[in-house]
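The block underneath contains the structure these notes are about, expressed in structure tokens.
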Amino acid sequence: TREGNDLYMEMKESGVINEQNIAESKVALVYGQMNEPPGARMRVGLTALAMAEYFRDVNEQDVLLFIDNIFRFVQAGSEVSALLGRMPSAVGYQPTLSTEMGSLQERITSTKKGSITSIQAVYVPADDLTDPAPATTFAHLDATTVLSRGLAAKGIYPAVDPLDSTSTMLQPEIVGEQHYEIAQGV
């Protein structure tokens, strides 16, 4: 894809990818295209995660896993479910949404040999944070940073909505009592 090629070229130009010594790069890219069958698209995230687990468990490395966009995993799962003739559940999503999301998200974890930390872009249909796809995703995340179209329209960048954004780290034992109290008062 054009976007995939652009990303690769940017990583190469910035030195993140070194084609002369590819082992030095410490980068692996897994792409899926929207014109591929849903079964293939559904496996893209799982393939990337399997690679991250290999780097964590065999190479004993700490891994940063970027997923853009986890909604594509959900969308592909919904299409596979329809092809299998399953009755859709809430808002037309597959009845296995929670299980499929959990099977991916719960593998993103630390072990004694290394860790996987993930940063995921999440498309939110109609900006509805209660939509089952993003809501199921958010249930597995330690923190969410919600971007606001309204703030962006006003020219405020980064357009982060602090009221919709969340973090499990917002605990008085972690951030301190004063920080916690101020955040709770907002």
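To be explicit about the labels: the chains of the structure tokens are called A, B, and onward in the order shown, and within each one the residues are counted from 1, while ligands get numbers from 1 in the order they are shown.
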
Check your understanding: What residues in segment 7-182 of chain A get the DSSP label strand (DSSP E or B)? Please answer as number ranges by chain.
Key -> A: 62-68, 110, 115-121, 143-144, 147, 160, 166-167

Output the selection as a tab-separated table (two decimals), in the first residue's frame - C-alpha atoms for each residue.
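This went into out22.tsv:
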chain	number	residue	atom	x	y	z
A	62	ASP	CA	11.14	-5.58	25.66
A	63	VAL	CA	8.84	-4.93	22.70
A	64	LEU	CA	6.82	-1.88	21.69
A	65	LEU	CA	3.88	-3.01	19.54
A	66	PHE	CA	1.97	-0.43	17.50
A	67	ILE	CA	-1.46	-1.45	16.22
A	68	ASP	CA	-3.08	0.84	13.67
A	110	SER	CA	5.11	-8.92	30.66
A	115	SER	CA	7.59	-7.34	28.03
A	116	ILE	CA	5.20	-6.23	25.33
A	117	THR	CA	3.81	-2.72	25.58
A	118	SER	CA	1.21	-1.74	23.01
A	119	ILE	CA	0.05	1.56	21.60
A	120	GLN	CA	-3.16	1.17	19.63
A	121	ALA	CA	-5.15	3.51	17.44
A	143	ALA	CA	-4.94	4.18	29.47
A	144	THR	CA	-6.89	5.87	26.71
A	147	LEU	CA	-8.92	13.08	20.66
A	160	VAL	CA	-6.89	15.64	23.77
A	166	THR	CA	-8.67	7.61	31.19
A	167	SER	CA	-5.81	5.92	33.02

**OP:** Would you kindly return, as a PyMOL selection string, each protein, DNA or RNA residue with an atom no farther than 9 Å from any atom of Asp161 of chain A, considering only C-alpha atoms and excluding same-chain residues fewer than 2 positions away?
**Re:** chain A and resi 145-148+151+159+163-165

Determine, counting only C-alpha atoms, which protein, DNA and RNA residues have an atom within 12 Å of an atom of Ala135 of chain A; residues of the same chain fewer than 2 positions away are not included. Present the result as a CSV table (one decimal) with C-alpha atoms, in the first residue's frame.
chain,number,residue,atom,x,y,z
A,70,ILE,CA,-7.5,-2.2,16.2
A,71,PHE,CA,-10.9,-1.5,14.8
A,74,VAL,CA,-12.9,-6.1,14.9
A,90,ALA,CA,-25.2,-5.7,19.6
A,97,LEU,CA,-16.3,-9.9,19.8
A,98,SER,CA,-15.3,-10.0,23.5
A,101,MET,CA,-10.6,-9.1,21.5
A,122,VAL,CA,-8.9,2.9,18.0
A,123,TYR,CA,-11.4,4.1,15.4
A,124,VAL,CA,-14.6,5.1,17.3
A,125,PRO,CA,-17.6,4.8,15.0
A,127,ASP,CA,-17.5,9.2,17.9
A,128,ASP,CA,-19.6,7.0,20.2
A,129,LEU,CA,-17.3,5.7,23.0
A,130,THR,CA,-20.1,3.3,24.1
A,131,ASP,CA,-20.0,1.5,20.7
A,132,PRO,CA,-19.3,-2.2,21.5
A,133,ALA,CA,-16.1,-2.2,19.4
A,137,THR,CA,-11.1,-2.6,23.4
A,138,PHE,CA,-11.0,0.0,26.1
A,139,ALA,CA,-11.8,-2.6,28.7
A,140,HIS,CA,-8.3,-4.1,28.1
A,141,LEU,CA,-6.2,-0.9,28.0
A,144,THR,CA,-6.9,5.9,26.7

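The space between atom CA of Val44 of chain A and atom CA of Gly77 of chain A spans 11.5 Å.
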
Mind listing the helix (DSSP H, G or I) residues of segment 72-177 of chain A, per DSSP on the backbone, as a PyMOL selection string? chain A and resi 72-83+90-92+97-105+125-127+132-138+149-153+172-175+177

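In this model, the gap between atom CA of Gln33 of chain A and atom CA of Met9 of chain A comes to 17.9 Å.
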
*Selected residue of minimal separation from Gln61 of chain A among A:Arg43, A:Arg107, A:Arg86, A:Lys113, counting only C-alpha atoms*: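 The closest residue to Gln61 of chain A is A:Lys113.
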
Near segment 48-51 of chain A, within 8 Å and counting only C-alpha atoms, which residues show up once chain neighbours fewer than 2 positions away are dropped, as a list in words?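 Listing them by chain and then by number gives Leu29, Val30, Val44, Gly45, Leu46, Glu53, Tyr54, Phe55, Leu65, Leu104, Arg107 and Ile108 of chain A.
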
Just to be explicit: take each residue in the selection above, keep N, CA and C atoms, and write the result as an mmCIF file, in the first residue's frame.
data_model
loop_
_atom_site.group_PDB
_atom_site.id
_atom_site.type_symbol
_atom_site.label_atom_id
_atom_site.label_comp_id
_atom_site.auth_asym_id
_atom_site.auth_seq_id
_atom_site.Cartn_x
_atom_site.Cartn_y
_atom_site.Cartn_z
ATOM 1 N N LEU A 29 7.630 -5.086 10.572
ATOM 2 C CA LEU A 29 6.389 -4.465 10.113
ATOM 3 C C LEU A 29 5.473 -5.544 9.558
ATOM 4 N N VAL A 30 4.213 -5.513 9.964
ATOM 5 C CA VAL A 30 3.207 -6.445 9.457
ATOM 6 C C VAL A 30 2.067 -5.602 8.912
ATOM 7 N N VAL A 44 -3.800 -10.342 10.753
ATOM 8 C CA VAL A 44 -2.681 -9.396 10.749
ATOM 9 C C VAL A 44 -2.261 -9.051 12.177
ATOM 10 N N GLY A 45 -3.205 -8.644 13.010
ATOM 11 C CA GLY A 45 -2.885 -8.309 14.400
ATOM 12 C C GLY A 45 -2.340 -9.500 15.164
ATOM 13 N N LEU A 46 -2.906 -10.682 14.912
ATOM 14 C CA LEU A 46 -2.441 -11.891 15.591
ATOM 15 C C LEU A 46 -1.030 -12.265 15.137
ATOM 16 N N GLU A 53 5.651 -11.674 20.624
ATOM 17 C CA GLU A 53 5.863 -12.700 21.653
ATOM 18 C C GLU A 53 7.192 -13.422 21.437
ATOM 19 N N TYR A 54 7.541 -13.668 20.189
ATOM 20 C CA TYR A 54 8.827 -14.305 19.882
ATOM 21 C C TYR A 54 9.977 -13.420 20.365
ATOM 22 N N PHE A 55 9.917 -12.131 20.042
ATOM 23 C CA PHE A 55 10.977 -11.219 20.478
ATOM 24 C C PHE A 55 11.046 -11.161 22.002
ATOM 25 N N LEU A 65 4.755 -2.545 20.618
ATOM 26 C CA LEU A 65 3.879 -3.007 19.544
ATOM 27 C C LEU A 65 2.881 -1.909 19.204
ATOM 28 N N LEU A 104 -6.601 -11.557 21.844
ATOM 29 C CA LEU A 104 -5.492 -10.735 21.360
ATOM 30 C C LEU A 104 -4.907 -9.893 22.499
ATOM 31 N N ARG A 107 -2.735 -11.304 25.560
ATOM 32 C CA ARG A 107 -1.385 -11.790 25.248
ATOM 33 C C ARG A 107 -0.354 -10.662 25.303
ATOM 34 N N ILE A 108 -0.816 -9.436 25.374
ATOM 35 C CA ILE A 108 0.084 -8.277 25.461
ATOM 36 C C ILE A 108 0.411 -8.090 26.938
#
